[in-house]
Amino acid sequence: MAVVSMSAGGQAGRRRLYHVVSTLDFGREDVERLMDKAEQLRTESRERLRRRLEGAVVASLFYEPSTRTRLSFEAAVTRLGGRTLGAENARENSSAKKGESLADVFRVVGCYADAIVVRHHETDEIARALPVSPVPVINAGAGSGEHPTQALLDVYTIRRELGQVDDLSVCVIGDLKYGRTVHSLLRTLAYFRGVRVTLVYPQSLGLPDGLRAELAATGLIIRRETDFRQALRSADVIYQTRIQRERLLDPAEAREAEAFHILPEHLADLQPHARILHPLPRVSEIHPAVDDDERAAYFRQAENGLYMRMALLDDILGGVER
Amino acid sequence: MAVVSMSAGGQAGRRRLYHVVSTLDFGREDVERLMDKAEQLRTESRERLRRRLEGAVVASLFYEPSTRTRLSFEAAVTRLGGRTLGAENARENSSAKKGESLADVFRVVGCYADAIVVRHHETDEIARALPVSPVPVINAGAGSGEHPTQALLDVYTIRRELGQVDDLSVCVIGDLKYGRTVHSLLRTLAYFRGVRVTLVYPQSLGLPDGLRAELAATGLIIRRETDFRQALRSADVIYQTRIQRERLLDPAEAREAEAFHILPEHLADLQPHARILHPLPRVSEIHPAVDDDERAAYFRQAENGLYMRMALLDDILGGVER
Amino acid sequence: MAVVSMSAGGQAGRRRLYHVVSTLDFGREDVERLMDKAEQLRTESRERLRRRLEGAVVASLFYEPSTRTRLSFEAAVTRLGGRTLGAENARENSSAKKGESLADVFRVVGCYADAIVVRHHETDEIARALPVSPVPVINAGAGSGEHPTQALLDVYTIRRELGQVDDLSVCVIGDLKYGRTVHSLLRTLAYFRGVRVTLVYPQSLGLPDGLRAELAATGLIIRRETDFRQALRSADVIYQTRIQRERLLDPAEAREAEAFHILPEHLADLQPHARILHPLPRVSEIHPAVDDDERAAYFRQAENGLYMRMALLDDILGGVER
């Protein structure tokens with residue numbers, strides 16, 4: 001969701017985001033602005049960064065624990081000089097257990113904080129509670145639905161590593177059915193021109209039909225590839241994801257999925273300029289011996305996440321009178 | 001507990017609170033001072049607020065998790081420029097499991113922080129550990145005993161919404177036996193003049209005998225009302241609370257308790273100036289369709305909690321040399 | 001691990017620590033410098049302290065919960081003006097559960113924070129993950145291995161209470177097999193001259209053979225004492241530790257261990273200048289009635305922990321350009 005703010009002086013202000021719960025809350029123009037901002041923030045002094053959100057308070061409510069994503073957001077707030085209020089395991093440690101609705105939580109926490117970052121185990125709960133929130137809400141992962149800030153940092157990483165997003169060939173591997181990072185990434189890639197997507201997945205973990213139709217309507221070129229090594233060979237970007245073991249009930253399919261692990265021997269297949277991304281955590285789907293290859297971009301991607309989240313928070317909260 | 005502090009210049013200083021573990025730690029004069037201070041803090045700039053507790057460190061130890069109350073306290077500390085050290089689930093994540101006493105925790109954490117906010121699942125544990133604490137302790141909820149800061153924000157909300165606390169008719173609904181917010185509220189209302197209290201509750205969840213006698217001795221006028229709608233009709237303030245399902249072993253009583261839920265159809269019974277309060281979390285004892293009625297004050301009450309806790313922290317720690 | 005840093009002006013800088021994962025990461029010279037620094041920090045104004053780590057961000061990842069140690073570190077960071085990113089229960093609330101390696105966590109969290117404080121339930125995991133960490137790592141307790149910052153604060157407490165560490169008689173009681181605080185303390189005492197160590201322990205919980213040999217090679221004088229009261233009589237320092245009940249499978253040994261509890265009646269045995277230390281949490285191995293004796297130093301020891309950790313953090317991060 002985006003708003004046009006008025007500056008204190010009364011001039012028409014810049015466009016800025018408000019809620020970021022779905023990739024539909026931003027468009028290409030927003031993504032470009034955020035990527036430029038992230039790039040700019042990398043070069044600013046720590047001291048100057050700390051003035052950007054001075055005095056702002058951001059709550060981070062994780063109903064599904066995630067040290068990485070939570071620390072990434074909290075680090076972003078902290079680097080910008082804001083303060084965080086956190087709940088590391090809100091599902092167990094809060095009145096959610098007593099039956100309280102997320103809507104009530106938003107109404108109350110929205111009195112304490114200037115924005116709410118929330119991860120929830122149920123796909124639609126955040127969107128359902130959103131209308132009553134008195135402050136901007138950022139979705140940090142919602143069930144098997146969306147993870148829009150991950151998509152932003154993924155696209156930012158692609159641009160940083162390869163200089164562009166348009167016209168690239170992106171190979172996405174793994175759990176396309178439940179993988180919310182994949183859902184948000186594909187929706188965001190659809191904002192760009194000429195992106196060709198190759199999907200590699202075990203039979204039962206393909207894209208949900210609704211999402212497939214939605215993406216087709218955008219003009220994004222999507223096809224399945226069953227030859228894993230061929231998929232690697234043709235890609236500019238290889239986006240590997242973890243398949244949760246419990247998703248694979250069939251042993252034959254578990255073997256199929258294992259064949260999609262990226263091993264040192266696959267590196268020779270990759271184009272010299274190709275890049276491997278992964279939203280992390282990584283278990284065995286990328287062998288650690290791959291880490292030292294220049295094309296392994298997943299740790300740089302994690303670092304980009306810090307700057308992209310800083311950019312996003314600054315877009316939403318920076319320069320707002322409090 | 002209150003002390004009279006000396007100012008740096010050597011003049012006799014103002015009265016200020018120290019430990020706040022029971023409603024007996026403050027009197028009417030203190031409550032009035034805190035309400036005035038809360039009102040004043042609402043109007044201060046964020047920047048000025050942040051200088052009030054600059055450099056202070058407050059520990060929040062929650063042996064019984066509560067996102068709302070913890071975030072409310074941590075937001076209050078943060079808005080005043082202090083820093084927090086927190087334990088979201090101290091019962092599970094600490095040496096309480098190993099058998100360490102809360103007294104030892106206070107002695108140690110009191111070396112790290114300038115004040116301790118603590119919630120505990122056992123009614124008397126905080127009071128028992130108090131004597132050895134080297135720093136002020138604020139009770140954020142103790143078993144089925146007291147929750148004094150909730151009472152402060154409740155009374156503040158009543159005064160804010162209705163202009164006064166004296167001479168009002170207050171209807172308290174729900175679990176009066178185990179409900180610590182009710183216990184502290186009634187004790188605090190007893191500091192005011194002419195308050196008439198009507199109690200609505202399932203037979204087995206009435207006030208503990210000791211508390212009933214204690215309150216009677218203060219002159220507070222208390223009576224039971226079994227006609228729910230009549231109780232609603234005559235009240236200036238309706239204080240609804242949640243009954244934990246496990247408290248109601250008898251199905252007949254569970255039905256009785258359900259009859260005390262506030263539904264949209266009850267709104268016509270309420271006086272135009274009446275106000276509905278609830279300490280939250282709310283489950284089904286107030287229907288969400290009630291929320292939009294101007295008389296539903298529970299979310300404003302939650303916001304008042306932030307300012308009252310800021311007032312309390314400033315009373316205890318503000319202007320203290322560190 | 002220690003490095004010699006260059007000051008901004010280009011002169012050869014002071015020696016400073018980097019990773020502190022084992023007691024081998026520092027030597028006597030470092031310990032002395034840290035003790036002097038801790039002593040100095042006690043006298044600095046809060047305001048001046050807050051400028052030392054201004055803008056620094058420290059992550060505290062506790063895979064084994066410990067309110068005391070975590071709050072001690074977070075208080076140290078906060079008092080020095082830095083900010084913390086925390087995980088109170090990283091084992092349960094993080095992707096460790098999904099099988100992610102600690103090495104991957106260090107690589108990622110090292111992008112968000114300027115240093116990582118980590119406690120882990122497995123003895124060797126921190127050391128194994130260390131090589132890939134982009135920032136300094138401080139071990140806050142590793143399985144039954146080491147707890148080097150506890151040793152630093154223990155030795156600091158001995159010097160503060162008795163004026164020296166050299167030539168003292170130190171009696172260590174309890175679980176010497178799994179007790180990581182004991183392991184690190186003995187290794188650190190070996191850096192001093194003429195320290196005589198007396199060990200009191202149930203038969204099955206003696207020092208691991210490897211450690212015993214390592215310590216013997218340093219020249220540290222170690223002997224076992226089975227007469228508990230005799231051990232108390234001859235000691236300058238009595239270092240009591242908690243034995244976890246599950247370590248004592250044999251009831252006879254459990255009785256033996258109980259005989260090592262320090263009770264008020266033992267105080268008459270102690271030398272007037274002796275000091276009782278305990279890493280805490282304490283359960284029943286020191287009777288609470290001992291607490292008021294001047295020789296009971298364990299709460300002062302806990303407070304010293306704050307200053308020693310401030311000294312350590314300042315040594316590692318202070319004056320580093322960020």
# chains A, B, ... in the order shown; residues from 1 in each chain; ligands from 1

call {"tool": "residues_around", "arguments": {"residues": "range 132-149 of chain C", "least_positions_apart": "3", "cutoff": "6 Å", "atoms": "only C-alpha atoms", "output": "PyMOL selection string"}}
result
chain C and resi 18-23+106-107+110+114-123+152+178-181+184

call {"tool": "select_by_dssp", "arguments": {"residues": "range 1-214 of chain C", "states": "alpha helix (DSSP H)", "output": "VMD selection string"}}
result
chain C and resid 28 to 43 46 to 49 67 to 79 102 to 112 125 to 129 148 to 162 180 to 189 209 to 214

call {"tool": "residues_around", "arguments": {"residues": "range 221-238 of chain A", "least_positions_apart": "5", "cutoff": "9 Å", "atoms": "only C-alpha atoms", "output": "NGL selection string"}}
result
:A and (158 or 162 or 168-173 or 190 or 194-202 or 212 or 215-216 or 259-260 or 266-271 or 273-278)

call {"tool": "write_last_selection", "arguments": {"atoms": "N, CA, C and O atoms", "output": "compact mmCIF listing (two decimals), in the first residue's frame"}}
result
# COMPACT_ATOMS: atom_id res chain seq x y z
N ILE A 158 19.70 -9.72 -7.11
CA ILE A 158 19.87 -9.99 -8.55
C ILE A 158 20.43 -8.76 -9.25
O ILE A 158 21.41 -8.84 -10.01
N LEU A 162 24.07 -8.84 -10.93
CA LEU A 162 24.07 -8.98 -12.40
C LEU A 162 23.78 -7.67 -13.12
O LEU A 162 23.73 -7.64 -14.35
N LEU A 168 16.43 -11.50 -17.69
CA LEU A 168 17.25 -12.59 -17.17
C LEU A 168 16.49 -13.91 -17.19
O LEU A 168 15.25 -13.95 -17.22
N SER A 169 17.25 -14.99 -17.12
CA SER A 169 16.69 -16.32 -17.00
C SER A 169 16.86 -16.77 -15.55
O SER A 169 17.99 -16.87 -15.05
N VAL A 170 15.75 -17.02 -14.86
CA VAL A 170 15.79 -17.35 -13.43
C VAL A 170 15.27 -18.76 -13.23
O VAL A 170 14.13 -19.07 -13.62
N CYS A 171 16.09 -19.60 -12.64
CA CYS A 171 15.70 -20.98 -12.38
C CYS A 171 15.36 -21.13 -10.91
O CYS A 171 16.20 -20.89 -10.04
N VAL A 172 14.12 -21.52 -10.60
CA VAL A 172 13.68 -21.63 -9.21
C VAL A 172 13.49 -23.11 -8.88
O VAL A 172 12.78 -23.82 -9.58
N ILE A 173 14.15 -23.54 -7.82
CA ILE A 173 14.20 -24.96 -7.48
C ILE A 173 13.60 -25.22 -6.11
O ILE A 173 13.87 -24.48 -5.17
N ALA A 190 7.48 -10.58 -11.94
CA ALA A 190 6.49 -10.24 -12.97
C ALA A 190 6.40 -8.74 -13.22
O ALA A 190 5.85 -8.30 -14.22
N GLY A 194 10.60 -9.23 -19.58
CA GLY A 194 11.37 -10.26 -20.28
C GLY A 194 12.04 -11.29 -19.39
O GLY A 194 12.97 -11.98 -19.82
N VAL A 195 11.59 -11.40 -18.15
CA VAL A 195 12.18 -12.42 -17.28
C VAL A 195 11.63 -13.79 -17.68
O VAL A 195 10.42 -13.96 -17.86
N ARG A 196 12.54 -14.76 -17.86
CA ARG A 196 12.13 -16.12 -18.20
C ARG A 196 12.38 -17.01 -16.99
O ARG A 196 13.51 -17.10 -16.50
N VAL A 197 11.32 -17.66 -16.52
CA VAL A 197 11.44 -18.46 -15.31
C VAL A 197 11.37 -19.95 -15.64
O VAL A 197 10.49 -20.39 -16.36
N THR A 198 12.35 -20.70 -15.12
CA THR A 198 12.36 -22.16 -15.24
C THR A 198 12.13 -22.75 -13.87
O THR A 198 12.81 -22.35 -12.92
N LEU A 199 11.17 -23.66 -13.77
CA LEU A 199 10.86 -24.25 -12.47
C LEU A 199 11.34 -25.69 -12.40
O LEU A 199 11.11 -26.47 -13.32
N VAL A 200 11.98 -26.03 -11.29
CA VAL A 200 12.45 -27.41 -11.07
C VAL A 200 11.87 -27.86 -9.73
O VAL A 200 12.15 -27.24 -8.71
N TYR A 201 11.06 -28.91 -9.76
CA TYR A 201 10.37 -29.28 -8.51
C TYR A 201 9.90 -30.73 -8.57
O TYR A 201 9.68 -31.27 -9.66
N PRO A 202 9.77 -31.36 -7.39
CA PRO A 202 9.17 -32.69 -7.35
C PRO A 202 7.68 -32.56 -7.72
O PRO A 202 7.05 -31.54 -7.38
N ARG A 212 -0.30 -19.87 -10.49
CA ARG A 212 0.15 -20.12 -11.86
C ARG A 212 -0.65 -19.30 -12.87
O ARG A 212 -0.08 -18.65 -13.76
N LEU A 215 0.13 -15.54 -12.49
CA LEU A 215 1.41 -15.16 -13.09
C LEU A 215 1.35 -15.19 -14.61
O LEU A 215 1.90 -14.32 -15.29
N ALA A 216 0.66 -16.20 -15.15
CA ALA A 216 0.52 -16.29 -16.60
C ALA A 216 -0.14 -15.02 -17.14
O ALA A 216 0.26 -14.49 -18.19
N ALA A 259 17.93 -35.18 -5.74
CA ALA A 259 18.69 -34.98 -6.98
C ALA A 259 18.81 -33.50 -7.34
O ALA A 259 19.61 -33.13 -8.19
N PHE A 260 18.00 -32.66 -6.68
CA PHE A 260 18.05 -31.22 -6.98
C PHE A 260 19.01 -30.47 -6.06
O PHE A 260 19.06 -29.25 -6.07
N HIS A 266 28.41 -29.70 -9.63
CA HIS A 266 27.52 -28.96 -10.53
C HIS A 266 28.09 -27.62 -10.96
O HIS A 266 27.58 -26.98 -11.89
N LEU A 267 29.11 -27.16 -10.24
CA LEU A 267 29.59 -25.80 -10.51
C LEU A 267 30.09 -25.65 -11.94
O LEU A 267 29.97 -24.59 -12.54
N ALA A 268 30.63 -26.75 -12.48
CA ALA A 268 31.14 -26.69 -13.85
C ALA A 268 30.02 -26.45 -14.86
O ALA A 268 30.25 -25.95 -15.96
N ASP A 269 28.79 -26.81 -14.47
CA ASP A 269 27.65 -26.61 -15.38
C ASP A 269 27.22 -25.15 -15.47
O ASP A 269 26.59 -24.73 -16.44
N LEU A 270 27.50 -24.41 -14.39
CA LEU A 270 26.97 -23.04 -14.32
C LEU A 270 27.70 -22.09 -15.26
O LEU A 270 28.90 -22.22 -15.49
N GLN A 271 26.98 -21.12 -15.80
CA GLN A 271 27.62 -20.08 -16.58
C GLN A 271 28.54 -19.27 -15.66
O GLN A 271 28.30 -19.15 -14.46
N HIS A 273 28.92 -16.21 -15.24
CA HIS A 273 28.31 -15.02 -14.60
C HIS A 273 27.09 -15.40 -13.75
O HIS A 273 26.49 -14.54 -13.12
N ALA A 274 26.73 -16.68 -13.74
CA ALA A 274 25.52 -17.09 -13.01
C ALA A 274 25.67 -16.82 -11.51
O ALA A 274 26.78 -16.69 -11.00
N ARG A 275 24.54 -16.75 -10.83
CA ARG A 275 24.56 -16.53 -9.39
C ARG A 275 23.59 -17.50 -8.72
O ARG A 275 22.47 -17.70 -9.21
N ILE A 276 24.03 -18.07 -7.59
CA ILE A 276 23.16 -18.95 -6.80
C ILE A 276 22.61 -18.16 -5.62
O ILE A 276 23.38 -17.62 -4.82
N LEU A 277 21.28 -18.12 -5.50
CA LEU A 277 20.65 -17.47 -4.36
C LEU A 277 19.91 -18.51 -3.53
O LEU A 277 19.57 -19.60 -4.02
N HIS A 278 19.66 -18.19 -2.30
CA HIS A 278 18.93 -19.07 -1.39
C HIS A 278 18.40 -18.19 -0.26
O HIS A 278 19.15 -17.39 0.30

call {"tool": "select_by_dssp", "arguments": {"residues": "range 216-255 of chain C", "states": "strand (DSSP E)", "output": "ChimeraX atom specification"}}
result
/C:221-224,237-240

call {"tool": "closest_residue", "arguments": {"among": "C:Ala252, C:Met310, C:Ala302, C:Ala127", "to": "Leu280 in chain C", "atoms": "only C-alpha atoms"}}
result
C:Ala302

call {"tool": "atom_distance", "arguments": {"atom1": "CA of Ala296 in chain B", "atom2": "CA of Thr157 in chain B"}}
result
11.7 Å

call {"tool": "interface_residues", "arguments": {"of": "chain B", "to": "chain A", "cutoff": "10 Å", "atoms": "only C-alpha atoms", "output": "VMD selection string"}}
result
chain B and resid 45 to 47 49 to 50 62 64 to 76 78 to 81 83 to 84 86 to 89 242 244 to 245 280 to 284 288 298 to 307

call {"tool": "atom_distance", "arguments": {"atom1": "CA of Thr188 in chain A", "atom2": "CA of Ala151 in chain A"}}
result
6.6 Å

call {"tool": "atom_distance", "arguments": {"atom1": "CA of Glu161 in chain A", "atom2": "CA of Asp30 in chain A"}}
result
19.7 Å

call {"tool": "residues_around", "arguments": {"residues": "Leu205 in chain B", "least_positions_apart": "6", "cutoff": "7 Å", "atoms": "only C-alpha atoms", "output": "PyMOL selection string"}}
result
chain B and resi 175-177

call {"tool": "decode", "arguments": {"residues": "range 63-96 of chain B", "atoms": "N, CA and C atoms", "output": "PDB file, in the first residue's frame"}}
result
ATOM      1  N   TYR B  63       7.869 -14.248  34.090  1.00  0.00           N
ATOM      2  CA  TYR B  63       7.841 -15.679  34.398  1.00  0.00           C
ATOM      3  C   TYR B  63       6.547 -16.293  33.890  1.00  0.00           C
ATOM      4  N   GLU B  64       5.616 -15.428  33.567  1.00  0.00           N
ATOM      5  CA  GLU B  64       4.385 -15.843  32.916  1.00  0.00           C
ATOM      6  C   GLU B  64       4.317 -14.928  31.704  1.00  0.00           C
ATOM      7  N   PRO B  65       4.389 -15.491  30.499  1.00  0.00           N
ATOM      8  CA  PRO B  65       4.487 -14.628  29.322  1.00  0.00           C
ATOM      9  C   PRO B  65       3.260 -13.735  29.165  1.00  0.00           C
ATOM     10  N   SER B  66       3.480 -12.541  28.672  1.00  0.00           N
ATOM     11  CA  SER B  66       2.388 -11.620  28.349  1.00  0.00           C
ATOM     12  C   SER B  66       2.931 -10.577  27.405  1.00  0.00           C
ATOM     13  N   THR B  67       2.681 -10.784  26.124  1.00  0.00           N
ATOM     14  CA  THR B  67       3.218  -9.846  25.141  1.00  0.00           C
ATOM     15  C   THR B  67       2.710  -8.441  25.394  1.00  0.00           C
ATOM     16  N   ARG B  68       1.411  -8.325  25.647  1.00  0.00           N
ATOM     17  CA  ARG B  68       0.815  -7.000  25.783  1.00  0.00           C
ATOM     18  C   ARG B  68       1.451  -6.201  26.932  1.00  0.00           C
ATOM     19  N   THR B  69       1.428  -6.788  28.130  1.00  0.00           N
ATOM     20  CA  THR B  69       1.921  -6.043  29.289  1.00  0.00           C
ATOM     21  C   THR B  69       3.419  -5.777  29.170  1.00  0.00           C
ATOM     22  N   ARG B  70       4.155  -6.783  28.689  1.00  0.00           N
ATOM     23  CA  ARG B  70       5.596  -6.589  28.544  1.00  0.00           C
ATOM     24  C   ARG B  70       5.903  -5.490  27.537  1.00  0.00           C
ATOM     25  N   LEU B  71       5.247  -5.546  26.372  1.00  0.00           N
ATOM     26  CA  LEU B  71       5.520  -4.510  25.368  1.00  0.00           C
ATOM     27  C   LEU B  71       5.087  -3.145  25.869  1.00  0.00           C
ATOM     28  N   SER B  72       4.016  -3.112  26.645  1.00  0.00           N
ATOM     29  CA  SER B  72       3.553  -1.836  27.174  1.00  0.00           C
ATOM     30  C   SER B  72       4.610  -1.220  28.093  1.00  0.00           C
ATOM     31  N   PHE B  73       5.176  -2.015  28.975  1.00  0.00           N
ATOM     32  CA  PHE B  73       6.236  -1.521  29.857  1.00  0.00           C
ATOM     33  C   PHE B  73       7.485  -1.162  29.057  1.00  0.00           C
ATOM     34  N   GLU B  74       7.862  -2.039  28.125  1.00  0.00           N
ATOM     35  CA  GLU B  74       9.093  -1.777  27.371  1.00  0.00           C
ATOM     36  C   GLU B  74       8.916  -0.542  26.482  1.00  0.00           C
ATOM     37  N   ALA B  75       7.701  -0.363  25.944  1.00  0.00           N
ATOM     38  CA  ALA B  75       7.435   0.844  25.158  1.00  0.00           C
ATOM     39  C   ALA B  75       7.543   2.075  26.053  1.00  0.00           C
ATOM     40  N   ALA B  76       7.038   1.966  27.276  1.00  0.00           N
ATOM     41  CA  ALA B  76       7.087   3.105  28.200  1.00  0.00           C
ATOM     42  C   ALA B  76       8.541   3.481  28.510  1.00  0.00           C
ATOM     43  N   VAL B  77       9.362   2.480  28.804  1.00  0.00           N
ATOM     44  CA  VAL B  77      10.783   2.737  29.079  1.00  0.00           C
ATOM     45  C   VAL B  77      11.437   3.390  27.862  1.00  0.00           C
ATOM     46  N   THR B  78      11.153   2.809  26.694  1.00  0.00           N
ATOM     47  CA  THR B  78      11.774   3.268  25.454  1.00  0.00           C
ATOM     48  C   THR B  78      11.376   4.698  25.114  1.00  0.00           C
ATOM     49  N   ARG B  79      10.085   4.999  25.224  1.00  0.00           N
ATOM     50  CA  ARG B  79       9.622   6.361  24.935  1.00  0.00           C
ATOM     51  C   ARG B  79      10.290   7.392  25.846  1.00  0.00           C
ATOM     52  N   LEU B  80      10.613   6.961  27.071  1.00  0.00           N
ATOM     53  CA  LEU B  80      11.251   7.875  28.017  1.00  0.00           C
ATOM     54  C   LEU B  80      12.774   7.899  27.860  1.00  0.00           C
ATOM     55  N   GLY B  81      13.271   7.180  26.844  1.00  0.00           N
ATOM     56  CA  GLY B  81      14.703   7.238  26.567  1.00  0.00           C
ATOM     57  C   GLY B  81      15.532   6.214  27.321  1.00  0.00           C
ATOM     58  N   GLY B  82      14.897   5.364  28.114  1.00  0.00           N
ATOM     59  CA  GLY B  82      15.635   4.312  28.820  1.00  0.00           C
ATOM     60  C   GLY B  82      15.840   3.108  27.937  1.00  0.00           C
ATOM     61  N   ARG B  83      16.576   2.135  28.458  1.00  0.00           N
ATOM     62  CA  ARG B  83      16.810   0.897  27.723  1.00  0.00           C
ATOM     63  C   ARG B  83      16.243  -0.274  28.517  1.00  0.00           C
ATOM     64  N   THR B  84      15.853  -1.314  27.821  1.00  0.00           N
ATOM     65  CA  THR B  84      15.285  -2.471  28.508  1.00  0.00           C
ATOM     66  C   THR B  84      16.176  -3.698  28.344  1.00  0.00           C
ATOM     67  N   LEU B  85      16.152  -4.534  29.363  1.00  0.00           N
ATOM     68  CA  LEU B  85      16.727  -5.879  29.307  1.00  0.00           C
ATOM     69  C   LEU B  85      15.567  -6.811  29.529  1.00  0.00           C
ATOM     70  N   GLY B  86      15.317  -7.727  28.607  1.00  0.00           N
ATOM     71  CA  GLY B  86      14.068  -8.457  28.765  1.00  0.00           C
ATOM     72  C   GLY B  86      14.192  -9.961  28.797  1.00  0.00           C
ATOM     73  N   ALA B  87      13.260 -10.581  29.490  1.00  0.00           N
ATOM     74  CA  ALA B  87      13.099 -12.028  29.438  1.00  0.00           C
ATOM     75  C   ALA B  87      11.626 -12.306  29.183  1.00  0.00           C
ATOM     76  N   GLU B  88      11.383 -12.796  27.961  1.00  0.00           N
ATOM     77  CA  GLU B  88      10.016 -12.972  27.469  1.00  0.00           C
ATOM     78  C   GLU B  88       9.336 -14.152  28.148  1.00  0.00           C
ATOM     79  N   ASN B  89      10.129 -15.158  28.482  1.00  0.00           N
ATOM     80  CA  ASN B  89       9.567 -16.371  29.074  1.00  0.00           C
ATOM     81  C   ASN B  89      10.561 -16.902  30.109  1.00  0.00           C
ATOM     82  N   ALA B  90      10.661 -16.150  31.209  1.00  0.00           N
ATOM     83  CA  ALA B  90      11.731 -16.414  32.179  1.00  0.00           C
ATOM     84  C   ALA B  90      11.537 -17.740  32.902  1.00  0.00           C
ATOM     85  N   ARG B  91      10.308 -18.223  32.940  1.00  0.00           N
ATOM     86  CA  ARG B  91      10.056 -19.480  33.639  1.00  0.00           C
ATOM     87  C   ARG B  91      10.710 -20.637  32.889  1.00  0.00           C
ATOM     88  N   GLU B  92      10.527 -20.651  31.582  1.00  0.00           N
ATOM     89  CA  GLU B  92      11.089 -21.726  30.765  1.00  0.00           C
ATOM     90  C   GLU B  92      12.557 -21.500  30.438  1.00  0.00           C
ATOM     91  N   ASN B  93      12.904 -20.229  30.234  1.00  0.00           N
ATOM     92  CA  ASN B  93      14.216 -19.933  29.672  1.00  0.00           C
ATOM     93  C   ASN B  93      15.226 -19.495  30.723  1.00  0.00           C
ATOM     94  N   SER B  94      15.031 -19.839  31.960  1.00  0.00           N
ATOM     95  CA  SER B  94      15.952 -19.353  32.982  1.00  0.00           C
ATOM     96  C   SER B  94      16.201 -20.431  34.013  1.00  0.00           C
ATOM     97  N   SER B  95      17.020 -20.086  34.991  1.00  0.00           N
ATOM     98  CA  SER B  95      17.371 -21.046  36.017  1.00  0.00           C
ATOM     99  C   SER B  95      16.272 -21.204  37.062  1.00  0.00           C
ATOM    100  N   ALA B  96      15.134 -20.515  36.872  1.00  0.00           N
ATOM    101  CA  ALA B  96      13.991 -20.831  37.722  1.00  0.00           C
ATOM    102  C   ALA B  96      13.720 -22.333  37.629  1.00  0.00           C
TER     103      ALA B  96
END
